[in-house]
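Engineer: So here's input_4.txt, just compact mmCIF, C-alpha atoms:
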```
# COMPACT_ATOMS: atom_id res chain seq x y z
CA ALA V 12 -5.20 16.18 12.67
CA GLN V 13 -2.98 15.05 9.85
CA SER V 14 -3.92 16.29 6.41
CA VAL V 15 -2.62 16.44 2.87
CA THR V 16 -3.24 19.37 0.57
CA GLN V 17 -2.99 19.28 -3.17
CA PRO V 18 -3.79 22.87 -4.15
CA ASP V 19 -4.25 22.23 -7.85
CA ILE V 20 -7.41 20.37 -8.81
CA HIS V 21 -6.66 20.33 -12.53
CA ILE V 22 -3.50 21.10 -14.50
CA THR V 23 -2.98 21.13 -18.25
CA VAL V 24 0.47 20.94 -19.77
CA SER V 25 1.76 20.50 -23.28
CA GLU V 26 3.44 17.26 -24.24
CA GLY V 27 7.17 17.60 -23.72
CA ALA V 28 6.81 20.34 -21.13
CA SER V 29 7.97 19.95 -17.56
CA LEU V 30 5.56 19.19 -14.75
CA GLU V 31 5.38 19.92 -11.06
CA LEU V 32 2.47 18.81 -8.90
CA ARG V 33 2.30 20.30 -5.45
CA CYS V 34 1.67 18.52 -2.19
CA ASN V 35 1.77 19.86 1.34
CA TYR V 36 1.18 17.87 4.47
CA SER V 37 0.32 18.71 8.01
CA TYR V 38 1.94 16.45 10.55
CA GLY V 39 4.12 16.90 13.62
CA ALA V 40 6.83 14.39 12.86
CA THR V 41 8.32 13.25 9.58
CA PRO V 42 5.69 11.16 7.90
CA TYR V 43 6.03 8.52 5.27
CA LEU V 44 5.06 10.11 1.95
CA PHE V 45 3.73 8.64 -1.26
CA TRP V 46 2.58 9.59 -4.71
CA TYR V 47 0.00 7.42 -6.48
CA VAL V 48 -1.39 7.72 -9.99
CA GLN V 49 -4.73 6.56 -11.31
CA SER V 50 -5.00 6.26 -15.06
CA PRO V 51 -8.45 5.95 -16.62
CA GLY V 52 -9.96 2.55 -15.95
CA GLN V 53 -7.13 1.49 -13.67
CA GLY V 54 -6.49 1.21 -9.97
CA LEU V 55 -4.10 3.44 -8.08
CA GLN V 56 -0.45 2.70 -8.80
CA LEU V 57 2.45 3.69 -6.58
CA LEU V 58 4.82 6.11 -8.32
CA LEU V 59 7.30 6.64 -5.51
CA LYS V 60 7.68 6.86 -1.77
CA TYR V 61 9.81 8.61 0.85
CA PHE V 62 10.59 7.13 4.24
CA SER V 63 13.97 8.62 5.17
CA GLY V 64 17.40 9.43 3.77
CA ASP V 65 17.94 11.24 0.49
CA THR V 66 15.20 13.81 0.13
CA LEU V 67 15.08 13.47 -3.65
CA VAL V 68 13.44 10.20 -4.58
CA GLN V 69 13.14 8.63 -7.97
CA GLY V 70 10.08 6.74 -9.05
CA ILE V 71 8.69 4.89 -11.98
CA LYS V 72 7.81 6.41 -15.35
CA GLY V 73 10.48 9.10 -15.01
CA PHE V 74 8.92 10.82 -12.00
CA GLU V 75 10.77 12.20 -9.02
CA ALA V 76 9.74 13.98 -5.85
CA GLU V 77 11.56 16.11 -3.32
CA PHE V 78 10.82 16.15 0.40
CA LYS V 79 11.31 19.57 1.96
CA ARG V 80 10.82 19.48 5.69
CA SER V 81 10.97 23.26 6.10
CA GLN V 82 8.07 23.68 3.69
CA SER V 83 6.19 20.51 4.66
CA SER V 84 6.10 19.69 0.97
CA PHE V 85 6.58 16.67 -1.24
CA ASN V 86 6.19 17.93 -4.79
CA LEU V 87 6.17 15.59 -7.75
CA ARG V 88 8.13 16.47 -10.88
CA LYS V 89 8.77 15.19 -14.35
CA PRO V 90 11.10 16.93 -16.83
CA SER V 91 9.16 16.03 -19.98
CA VAL V 92 5.53 14.96 -19.93
CA HIS V 93 4.17 12.29 -22.28
CA TRP V 94 0.58 12.03 -23.43
CA SER V 95 0.29 8.77 -21.48
CA ASP V 96 0.89 10.69 -18.25
CA ALA V 97 -2.64 12.09 -18.40
CA ALA V 98 -4.20 10.75 -15.22
CA GLU V 99 -5.11 11.74 -11.69
CA TYR V 100 -2.31 12.01 -9.16
CA PHE V 101 -2.66 11.56 -5.43
CA CYS V 102 -0.27 12.51 -2.69
CA ALA V 103 -0.60 10.49 0.51
CA VAL V 104 0.92 10.26 3.96
CA ALA V 105 1.19 7.35 6.38
CA PRO V 106 1.58 8.82 9.84
CA TYR V 107 4.28 7.02 11.80
CA GLY V 108 2.75 4.81 14.38
CA GLY V 109 -0.60 4.87 12.69
CA SER V 110 -2.39 1.81 11.47
CA GLN V 111 -0.38 0.15 8.78
CA GLY V 112 -2.02 0.99 5.51
CA ASN V 113 -4.01 3.85 6.99
CA LEU V 114 -2.99 6.31 4.32
CA ILE V 115 -4.26 9.89 4.32
CA PHE V 116 -4.76 11.14 0.78
CA GLY V 117 -5.01 14.54 -0.78
CA LYS V 118 -7.94 15.36 -3.05
CA GLY V 119 -5.93 14.60 -6.16
CA THR V 120 -4.71 16.60 -9.14
CA LYS V 121 -6.03 15.75 -12.55
CA LEU V 122 -3.43 16.14 -15.29
CA SER V 123 -4.38 16.79 -18.89
CA VAL V 124 -1.75 16.72 -21.62
CA LYS V 125 -2.10 18.82 -24.77
CA PRO V 126 -0.57 17.46 -27.98
CA GLU Y 26 -0.20 -12.72 -11.52
CA ALA Y 27 -3.69 -11.31 -11.11
CA GLY Y 28 -4.04 -7.95 -9.42
CA VAL Y 29 -6.63 -6.85 -6.93
CA THR Y 30 -10.06 -7.36 -8.43
CA GLN Y 31 -13.27 -5.72 -7.35
CA PHE Y 32 -16.86 -6.48 -8.20
CA PRO Y 33 -19.12 -4.94 -9.32
CA SER Y 34 -17.42 -2.13 -11.18
CA HIS Y 35 -20.57 -0.03 -10.91
CA SER Y 36 -23.72 -0.45 -8.90
CA VAL Y 37 -26.81 1.76 -8.99
CA ILE Y 38 -29.31 1.26 -6.18
CA GLU Y 39 -32.09 3.16 -4.51
CA LYS Y 40 -31.91 4.64 -1.06
CA GLY Y 41 -32.75 2.03 1.53
CA GLN Y 42 -31.54 -0.93 -0.51
CA THR Y 43 -28.59 -3.15 0.27
CA VAL Y 44 -25.40 -3.50 -1.73
CA THR Y 45 -22.49 -5.85 -1.28
CA LEU Y 46 -19.11 -5.07 -2.78
CA ARG Y 47 -16.50 -7.75 -3.18
CA CYS Y 48 -12.73 -7.57 -3.26
CA ASP Y 49 -10.30 -10.32 -4.19
CA PRO Y 50 -6.79 -9.39 -3.09
CA ILE Y 51 -3.61 -10.56 -4.67
CA SER Y 52 -3.05 -14.18 -3.76
CA GLY Y 53 -0.93 -14.51 -0.65
CA HIS Y 54 -1.52 -10.98 0.59
CA ASP Y 55 -2.49 -11.04 4.23
CA ASN Y 56 -3.35 -7.35 4.42
CA LEU Y 57 -6.54 -6.06 2.86
CA TYR Y 58 -7.79 -2.49 3.03
CA TRP Y 59 -10.96 -0.69 2.07
CA TYR Y 60 -10.97 2.96 1.10
CA ARG Y 61 -13.72 5.23 -0.20
CA ARG Y 62 -13.75 8.34 -2.34
CA VAL Y 63 -16.82 10.49 -2.23
CA MET Y 64 -17.08 12.76 -5.27
CA GLY Y 65 -14.80 15.75 -5.07
CA LYS Y 66 -13.24 14.65 -1.82
CA GLU Y 67 -10.26 12.73 -0.60
CA ILE Y 68 -9.82 8.99 -0.70
CA LYS Y 69 -10.49 7.97 2.88
CA PHE Y 70 -9.44 4.89 4.79
CA LEU Y 71 -12.26 2.65 5.99
CA LEU Y 72 -10.66 -0.42 7.48
CA HIS Y 73 -7.81 -2.88 7.45
CA PHE Y 74 -7.84 -6.67 7.70
CA VAL Y 75 -4.91 -8.84 8.57
CA LYS Y 76 -5.98 -12.22 7.32
CA GLU Y 77 -9.52 -12.60 8.69
CA SER Y 78 -9.11 -10.21 11.61
CA LYS Y 79 -10.02 -6.54 11.62
CA GLN Y 80 -6.83 -4.71 12.50
CA ASP Y 81 -8.28 -1.22 12.29
CA GLU Y 82 -11.82 -0.18 11.50
CA SER Y 83 -11.53 3.39 12.67
CA GLY Y 84 -12.60 4.77 9.31
CA MET Y 85 -15.92 2.98 9.03
CA PRO Y 86 -18.53 5.75 8.90
CA ASN Y 87 -21.34 4.05 10.83
CA ASN Y 88 -22.98 0.73 11.59
CA ARG Y 89 -24.68 0.57 8.21
CA PHE Y 90 -21.33 -0.64 6.89
CA LEU Y 91 -20.25 -4.22 7.52
CA ALA Y 92 -16.99 -5.67 6.26
CA GLU Y 93 -16.05 -9.31 6.40
CA ARG Y 94 -13.16 -11.42 5.31
CA THR Y 95 -14.05 -15.00 6.05
CA GLY Y 96 -11.14 -17.38 5.66
CA GLY Y 97 -8.74 -14.56 5.11
CA THR Y 98 -9.17 -14.54 1.35
CA TYR Y 99 -11.69 -12.28 -0.36
CA SER Y 100 -13.55 -9.56 1.46
CA THR Y 101 -17.03 -8.12 1.22
CA LEU Y 102 -18.29 -4.70 2.20
CA LYS Y 103 -22.03 -4.49 2.75
CA VAL Y 104 -23.96 -1.27 2.99
CA GLN Y 105 -27.40 -1.72 4.54
CA PRO Y 106 -29.50 0.35 4.19
CA ALA Y 107 -27.77 2.58 1.67
CA GLU Y 108 -28.11 6.35 1.95
CA LEU Y 109 -27.48 9.04 -0.65
CA GLU Y 110 -24.22 10.09 1.00
CA ASP Y 111 -22.80 6.59 0.52
CA SER Y 112 -22.37 7.26 -3.19
CA GLY Y 113 -18.76 7.19 -4.27
CA VAL Y 114 -15.98 4.90 -5.37
CA TYR Y 115 -14.93 2.13 -3.01
CA PHE Y 116 -11.34 1.01 -3.41
CA CYS Y 117 -9.81 -2.16 -2.13
CA ALA Y 118 -6.07 -2.62 -1.70
CA SER Y 119 -3.82 -5.40 -0.53
CA SER Y 120 -0.25 -5.77 0.61
CA GLN Y 121 1.93 -8.71 1.40
CA ASP Y 122 4.25 -7.68 4.18
CA SER Y 123 2.62 -7.82 7.59
CA ALA Y 124 5.16 -5.28 8.78
CA GLY Y 125 3.04 -2.71 7.12
CA VAL Y 126 3.10 0.05 4.61
CA GLN Y 127 6.08 1.75 6.16
CA ASN Y 128 8.31 -1.15 5.26
CA THR Y 129 6.90 -2.37 2.02
CA GLY Y 130 5.82 1.00 0.76
CA GLU Y 131 3.23 -0.33 -1.57
CA LEU Y 132 -0.42 -1.05 -1.45
CA PHE Y 133 -1.81 -2.65 -4.61
CA PHE Y 134 -5.16 -1.11 -5.43
CA GLY Y 135 -8.08 -2.42 -7.41
CA GLU Y 136 -9.94 -0.33 -9.97
CA GLY Y 137 -12.67 0.49 -7.52
CA SER Y 138 -16.40 -0.14 -7.31
CA ARG Y 139 -18.51 2.88 -8.10
CA LEU Y 140 -21.69 3.04 -6.01
CA THR Y 141 -24.52 5.35 -6.96
CA VAL Y 142 -27.40 5.67 -4.51
CA LEU Y 143 -30.52 7.34 -5.94
```
Output the structure of this file as structure tokens.
Structural biologist:
Amino acid sequence: AQSVTQPDIHITVSEGASLELRCNYSYGATPYLFWYVQSPGQGLQLLLKYFSGDTLVQGIKGFEAEFKRSQSSFNLRKPSVHWSDAAEYFCAVAPYGGSQGNLIFGKGTKLSVKP
Amino acid sequence: EAGVTQFPSHSVIEKGQTVTLRCDPISGHDNLYWYRRVMGKEIKFLLHFVKESKQDESGMPNNRFLAERTGGTYSTLKVQPAELEDSGVYFCASSQDSAGVQNTGELFFGEGSRLTVL
């Protein structure tokens, strides 16, 4: 069965430091991959997505992610974290051929930002 | 433009009672999805409407859950009778393109309805 693993439940970084959130997926073919963010009191917002092509994708708010097929990973990165980035981040996969909108999510990584 | 709105934001009920959650998608969005996050676990797909029709309800946990979308506008998710394990946050999402998430890439999520069953 398809699955998404986010190994880090909670990460704390200092403001201005770089960030990498890990995501690994289990799926036979190349899936469609997403990162969502949920800020306090808000719904989930799409940060970026990968369908095909360039394996380094740029998203909103200065985030980027790199798809690595050999490692079944889709890690999220940001070079310099801002206090407003404190939120919970979810990696998700949409298996090709699956129900449209049937996303499989990881458990999420909560990001805290120290001043 | 209004986003996806969900009501209530938080509901506390006793085991055996009934609760109805409501979702108003973004106007014009044919696709409406329900997801659920039980504490400490993943957000899990429940079902997908295209207009008023259920496209996929493979994630519905059991027959205590009933989702409707009369007229293809807002949707309700009823839990009857509620059990302790139903506690969690219920998310609704909508998307415009009927071609699906692979093409549009974006589901617009509401803030969620938190359900606590005592």
Engineer: For Asn88 (chain Y), work out the shell of residues within 12 Å, counting all atoms listed in the file and skipping chain neighbours fewer than 2 positions away, then give it as a PDB file with C-alpha atoms, keeping the file's coordinate frame.
Structural biologist:
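Wrote part_10.pdb, looks like this:
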```pdb
ATOM      1  CA  GLU Y  82     -11.820  -0.180  11.500  1.00  0.00           C
ATOM      2  CA  SER Y  83     -11.530   3.390  12.670  1.00  0.00           C
ATOM      3  CA  GLY Y  84     -12.600   4.770   9.310  1.00  0.00           C
ATOM      4  CA  MET Y  85     -15.920   2.980   9.030  1.00  0.00           C
ATOM      5  CA  PRO Y  86     -18.530   5.750   8.900  1.00  0.00           C
ATOM      6  CA  PHE Y  90     -21.330  -0.640   6.890  1.00  0.00           C
ATOM      7  CA  LEU Y  91     -20.250  -4.220   7.520  1.00  0.00           C
ATOM      8  CA  ALA Y  92     -16.990  -5.670   6.260  1.00  0.00           C
ATOM      9  CA  LEU Y 102     -18.290  -4.700   2.200  1.00  0.00           C
ATOM     10  CA  LYS Y 103     -22.030  -4.490   2.750  1.00  0.00           C
ATOM     11  CA  VAL Y 104     -23.960  -1.270   2.990  1.00  0.00           C
ATOM     12  CA  GLN Y 105     -27.400  -1.720   4.540  1.00  0.00           C
ATOM     13  CA  PRO Y 106     -29.500   0.350   4.190  1.00  0.00           C
ATOM     14  CA  ALA Y 107     -27.770   2.580   1.670  1.00  0.00           C
TER      15      ALA Y 107
END
```
Engineer: Mind running chain Y against chain V at 12 Å and telling me each contacting residue's nearest atom pair with the distance in Å (one decimal), counting all atoms listed in the file, chain and number ascending, as a Markdown table?
Structural biologist:
```
| residue | atom | partner | partner_atom | distance |
| --- | --- | --- | --- | --- |
| Y:Gly28 | CA | V:Gly54 | CA | 9.5 |
| Y:Val29 | CA | V:Gly54 | CA | 8.6 |
| Y:Thr30 | CA | V:Gly54 | CA | 9.4 |
| Y:Gln31 | CA | V:Gly54 | CA | 10.0 |
| Y:Ser34 | CA | V:Gly52 | CA | 10.0 |
| Y:Asn56 | CA | V:Gly112 | CA | 8.5 |
| Y:Leu57 | CA | V:Gly112 | CA | 8.8 |
| Y:Tyr58 | CA | V:Gly112 | CA | 7.2 |
| Y:Trp59 | CA | V:Asn113 | CA | 9.6 |
| Y:Tyr60 | CA | V:Asn113 | CA | 9.2 |
| Y:Arg61 | CA | V:Phe116 | CA | 10.8 |
| Y:Arg62 | CA | V:Lys118 | CA | 9.1 |
| Y:Val63 | CA | V:Lys118 | CA | 10.2 |
| Y:Met64 | CA | V:Lys118 | CA | 9.8 |
| Y:Gly65 | CA | V:Lys118 | CA | 7.2 |
| Y:Lys66 | CA | V:Lys118 | CA | 5.5 |
| Y:Glu67 | CA | V:Lys118 | CA | 4.3 |
| Y:Ile68 | CA | V:Phe116 | CA | 5.7 |
| Y:Lys69 | CA | V:Ile115 | CA | 6.7 |
| Y:Phe70 | CA | V:Asn113 | CA | 6.0 |
| Y:Leu71 | CA | V:Asn113 | CA | 8.4 |
| Y:Leu72 | CA | V:Asn113 | CA | 7.9 |
| Y:His73 | CA | V:Gly112 | CA | 7.2 |
| Y:Phe74 | CA | V:Gly112 | CA | 9.9 |
| Y:Val75 | CA | V:Gln111 | CA | 10.1 |
| Y:Lys79 | CA | V:Ser110 | CA | 11.3 |
| Y:Gln80 | CA | V:Ser110 | CA | 8.0 |
| Y:Asp81 | CA | V:Ser110 | CA | 6.7 |
| Y:Glu82 | CA | V:Ser110 | CA | 9.6 |
| Y:Ser83 | CA | V:Ser110 | CA | 9.4 |
| Y:Gly84 | CA | V:Asn113 | CA | 8.9 |
| Y:Val114 | CA | V:Gly54 | CA | 11.2 |
| Y:Tyr115 | CA | V:Gly54 | CA | 11.0 |
| Y:Phe116 | CA | V:Gly54 | CA | 8.2 |
| Y:Cys117 | CA | V:Gly54 | CA | 9.2 |
| Y:Ala118 | CA | V:Leu55 | CA | 9.0 |
| Y:Ser119 | CA | V:Gly112 | CA | 9.0 |
| Y:Ser120 | CA | V:Gly112 | CA | 8.5 |
| Y:Gln121 | CA | V:Gly112 | CA | 11.3 |
| Y:Asp122 | CA | V:Gln111 | CA | 10.2 |
| Y:Ser123 | CA | V:Gln111 | CA | 8.6 |
| Y:Ala124 | CA | V:Gln111 | CA | 7.8 |
| Y:Gly125 | CA | V:Gln111 | CA | 4.8 |
| Y:Val126 | CA | V:Gly112 | CA | 5.3 |
| Y:Gln127 | CA | V:Tyr43 | CA | 6.8 |
| Y:Asn128 | CA | V:Phe62 | CA | 8.6 |
| Y:Thr129 | CA | V:Lys60 | CA | 10.0 |
| Y:Gly130 | CA | V:Lys60 | CA | 6.6 |
| Y:Glu131 | CA | V:Leu57 | CA | 6.5 |
| Y:Leu132 | CA | V:Gly112 | CA | 7.4 |
| Y:Phe133 | CA | V:Gln56 | CA | 6.9 |
| Y:Phe134 | CA | V:Gly54 | CA | 5.3 |
| Y:Gly135 | CA | V:Gly54 | CA | 4.7 |
| Y:Glu136 | CA | V:Gly54 | CA | 3.8 |
| Y:Gly137 | CA | V:Gly54 | CA | 6.7 |
| Y:Ser138 | CA | V:Gly54 | CA | 10.3 |
| Y:Arg139 | CA | V:Gly52 | CA | 11.6 |
```
Engineer: Hey, which of Y:Ser112, Y:Ser36, Y:Ser100, Y:Thr141 ends up closest to Pro50 (chain Y)? Count all atoms listed in the file.
Structural biologist: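 Nearest to Pro50 (chain Y): Y:Ser100.
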Engineer: Please report the interatomic distance between CA of Ser91 (chain V) and CA of Tyr36 (chain V) in Å with one decimal.
Structural biologist: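 That distance, rounded to one decimal, is 25.8 Å.
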Engineer: What is the CA of Ala28 (chain V)-CA of Gly73 (chain V) distance in Å, reported with one decimal?
Structural biologist: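 Spanning CA of Ala28 (chain V) to CA of Gly73 (chain V) is a straight-line distance of 13.3 Å.
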Engineer: CA of Pro18 (chain V) and CA of His35 (chain Y), how far apart in Å?
Structural biologist: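 Computed distance, CA of His35 (chain Y) to CA of Pro18 (chain V), equals 29.2 Å.
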Engineer: Enumerate, as number ranges by chain, the protein, DNA and RNA residues whose atoms approach (-8.4, 22.8, -14.5) to within 10 Å, taking into account only C-alpha atoms and the coordinate frame of the file.
Structural biologist: V: 19-23, 120-123
Engineer: Using the structure block above, produce a file of region 39-73 of chain V that contains N, CA and C atoms, as a PDB file, in the first residue's frame.
Structural biologist:
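This went into decode06.pdb:
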```
ATOM      1  N   GLY V  39       4.990   2.329  -6.210  1.00  0.00           N
ATOM      2  CA  GLY V  39       5.682   1.649  -7.298  1.00  0.00           C
ATOM      3  C   GLY V  39       6.079   2.557  -8.438  1.00  0.00           C
ATOM      4  N   ALA V  40       5.190   3.418  -8.838  1.00  0.00           N
ATOM      5  CA  ALA V  40       5.475   4.307  -9.965  1.00  0.00           C
ATOM      6  C   ALA V  40       5.802   5.695  -9.425  1.00  0.00           C
ATOM      7  N   THR V  41       6.025   6.632 -10.311  1.00  0.00           N
ATOM      8  CA  THR V  41       6.272   8.000  -9.875  1.00  0.00           C
ATOM      9  C   THR V  41       4.952   8.636  -9.499  1.00  0.00           C
ATOM     10  N   PRO V  42       4.822   9.004  -8.264  1.00  0.00           N
ATOM     11  CA  PRO V  42       3.555   9.606  -7.840  1.00  0.00           C
ATOM     12  C   PRO V  42       3.552  11.106  -8.071  1.00  0.00           C
ATOM     13  N   TYR V  43       2.424  11.703  -7.854  1.00  0.00           N
ATOM     14  CA  TYR V  43       2.358  13.154  -7.800  1.00  0.00           C
ATOM     15  C   TYR V  43       2.557  13.560  -6.338  1.00  0.00           C
ATOM     16  N   LEU V  44       3.435  14.497  -6.085  1.00  0.00           N
ATOM     17  CA  LEU V  44       3.871  14.817  -4.731  1.00  0.00           C
ATOM     18  C   LEU V  44       3.545  16.256  -4.374  1.00  0.00           C
ATOM     19  N   PHE V  45       3.202  16.462  -3.112  1.00  0.00           N
ATOM     20  CA  PHE V  45       2.776  17.768  -2.654  1.00  0.00           C
ATOM     21  C   PHE V  45       3.349  18.055  -1.265  1.00  0.00           C
ATOM     22  N   TRP V  46       3.498  19.332  -0.985  1.00  0.00           N
ATOM     23  CA  TRP V  46       3.717  19.801   0.372  1.00  0.00           C
ATOM     24  C   TRP V  46       2.635  20.828   0.699  1.00  0.00           C
ATOM     25  N   TYR V  47       1.998  20.608   1.865  1.00  0.00           N
ATOM     26  CA  TYR V  47       0.996  21.539   2.376  1.00  0.00           C
ATOM     27  C   TYR V  47       1.483  22.079   3.720  1.00  0.00           C
ATOM     28  N   VAL V  48       0.995  23.268   4.059  1.00  0.00           N
ATOM     29  CA  VAL V  48       1.310  23.860   5.353  1.00  0.00           C
ATOM     30  C   VAL V  48       0.008  24.275   6.030  1.00  0.00           C
ATOM     31  N   GLN V  49      -0.037  24.036   7.334  1.00  0.00           N
ATOM     32  CA  GLN V  49      -1.180  24.501   8.113  1.00  0.00           C
ATOM     33  C   GLN V  49      -0.682  25.411   9.219  1.00  0.00           C
ATOM     34  N   SER V  50      -0.948  26.687   9.078  1.00  0.00           N
ATOM     35  CA  SER V  50      -0.621  27.649  10.119  1.00  0.00           C
ATOM     36  C   SER V  50      -1.724  27.641  11.153  1.00  0.00           C
ATOM     37  N   PRO V  51      -1.429  28.071  12.369  1.00  0.00           N
ATOM     38  CA  PRO V  51      -2.452  28.049  13.424  1.00  0.00           C
ATOM     39  C   PRO V  51      -3.729  28.768  13.005  1.00  0.00           C
ATOM     40  N   GLY V  52      -4.850  28.094  13.186  1.00  0.00           N
ATOM     41  CA  GLY V  52      -6.142  28.703  12.877  1.00  0.00           C
ATOM     42  C   GLY V  52      -6.473  28.787  11.398  1.00  0.00           C
ATOM     43  N   GLN V  53      -5.686  28.116  10.584  1.00  0.00           N
ATOM     44  CA  GLN V  53      -5.910  28.188   9.142  1.00  0.00           C
ATOM     45  C   GLN V  53      -6.118  26.790   8.571  1.00  0.00           C
ATOM     46  N   GLY V  54      -6.609  26.763   7.340  1.00  0.00           N
ATOM     47  CA  GLY V  54      -6.694  25.482   6.642  1.00  0.00           C
ATOM     48  C   GLY V  54      -5.352  25.123   6.028  1.00  0.00           C
ATOM     49  N   LEU V  55      -5.293  23.975   5.409  1.00  0.00           N
ATOM     50  CA  LEU V  55      -4.064  23.562   4.742  1.00  0.00           C
ATOM     51  C   LEU V  55      -3.884  24.364   3.454  1.00  0.00           C
ATOM     52  N   GLN V  56      -2.665  24.821   3.231  1.00  0.00           N
ATOM     53  CA  GLN V  56      -2.359  25.600   2.037  1.00  0.00           C
ATOM     54  C   GLN V  56      -1.279  24.891   1.242  1.00  0.00           C
ATOM     55  N   LEU V  57      -1.455  24.813  -0.063  1.00  0.00           N
ATOM     56  CA  LEU V  57      -0.471  24.165  -0.916  1.00  0.00           C
ATOM     57  C   LEU V  57       0.775  25.030  -1.032  1.00  0.00           C
ATOM     58  N   LEU V  58       1.941  24.423  -0.723  1.00  0.00           N
ATOM     59  CA  LEU V  58       3.207  25.121  -0.871  1.00  0.00           C
ATOM     60  C   LEU V  58       3.799  24.893  -2.258  1.00  0.00           C
ATOM     61  N   LEU V  59       3.787  23.643  -2.690  1.00  0.00           N
ATOM     62  CA  LEU V  59       4.343  23.297  -3.991  1.00  0.00           C
ATOM     63  C   LEU V  59       3.928  21.884  -4.356  1.00  0.00           C
ATOM     64  N   LYS V  60       4.165  21.549  -5.628  1.00  0.00           N
ATOM     65  CA  LYS V  60       3.789  20.230  -6.106  1.00  0.00           C
ATOM     66  C   LYS V  60       4.784  19.770  -7.168  1.00  0.00           C
ATOM     67  N   TYR V  61       4.879  18.451  -7.321  1.00  0.00           N
ATOM     68  CA  TYR V  61       5.713  17.864  -8.375  1.00  0.00           C
ATOM     69  C   TYR V  61       4.881  16.846  -9.127  1.00  0.00           C
ATOM     70  N   PHE V  62       4.836  17.021 -10.455  1.00  0.00           N
ATOM     71  CA  PHE V  62       4.154  16.041 -11.296  1.00  0.00           C
ATOM     72  C   PHE V  62       5.164  15.339 -12.196  1.00  0.00           C
ATOM     73  N   SER V  63       6.039  16.129 -12.837  1.00  0.00           N
ATOM     74  CA  SER V  63       7.029  15.561 -13.751  1.00  0.00           C
ATOM     75  C   SER V  63       8.015  16.663 -14.098  1.00  0.00           C
ATOM     76  N   GLY V  64       9.043  16.320 -14.855  1.00  0.00           N
ATOM     77  CA  GLY V  64       9.983  17.342 -15.323  1.00  0.00           C
ATOM     78  C   GLY V  64      11.073  17.627 -14.323  1.00  0.00           C
ATOM     79  N   ASP V  65      11.449  18.886 -14.221  1.00  0.00           N
ATOM     80  CA  ASP V  65      12.528  19.312 -13.339  1.00  0.00           C
ATOM     81  C   ASP V  65      12.278  18.819 -11.919  1.00  0.00           C
ATOM     82  N   THR V  66      13.250  18.155 -11.375  1.00  0.00           N
ATOM     83  CA  THR V  66      13.047  17.542 -10.052  1.00  0.00           C
ATOM     84  C   THR V  66      13.162  18.531  -8.913  1.00  0.00           C
ATOM     85  N   LEU V  67      13.609  19.725  -9.181  1.00  0.00           N
ATOM     86  CA  LEU V  67      13.660  20.776  -8.163  1.00  0.00           C
ATOM     87  C   LEU V  67      12.514  21.733  -8.449  1.00  0.00           C
ATOM     88  N   VAL V  68      11.590  21.806  -7.519  1.00  0.00           N
ATOM     89  CA  VAL V  68      10.411  22.636  -7.732  1.00  0.00           C
ATOM     90  C   VAL V  68      10.393  23.780  -6.737  1.00  0.00           C
ATOM     91  N   GLN V  69       9.960  24.906  -7.219  1.00  0.00           N
ATOM     92  CA  GLN V  69       9.863  26.101  -6.386  1.00  0.00           C
ATOM     93  C   GLN V  69       8.418  26.300  -5.971  1.00  0.00           C
ATOM     94  N   GLY V  70       8.242  26.755  -4.752  1.00  0.00           N
ATOM     95  CA  GLY V  70       6.906  26.988  -4.259  1.00  0.00           C
ATOM     96  C   GLY V  70       6.735  28.403  -3.747  1.00  0.00           C
ATOM     97  N   ILE V  71       5.666  28.570  -3.005  1.00  0.00           N
ATOM     98  CA  ILE V  71       5.404  29.883  -2.428  1.00  0.00           C
ATOM     99  C   ILE V  71       6.203  30.067  -1.154  1.00  0.00           C
ATOM    100  N   LYS V  72       6.289  31.295  -0.697  1.00  0.00           N
ATOM    101  CA  LYS V  72       6.931  31.644   0.570  1.00  0.00           C
ATOM    102  C   LYS V  72       8.403  31.269   0.618  1.00  0.00           C
ATOM    103  N   GLY V  73       9.054  31.146  -0.532  1.00  0.00           N
ATOM    104  CA  GLY V  73      10.475  30.856  -0.567  1.00  0.00           C
ATOM    105  C   GLY V  73      10.854  29.404  -0.372  1.00  0.00           C
TER     106      GLY V  73
END
```
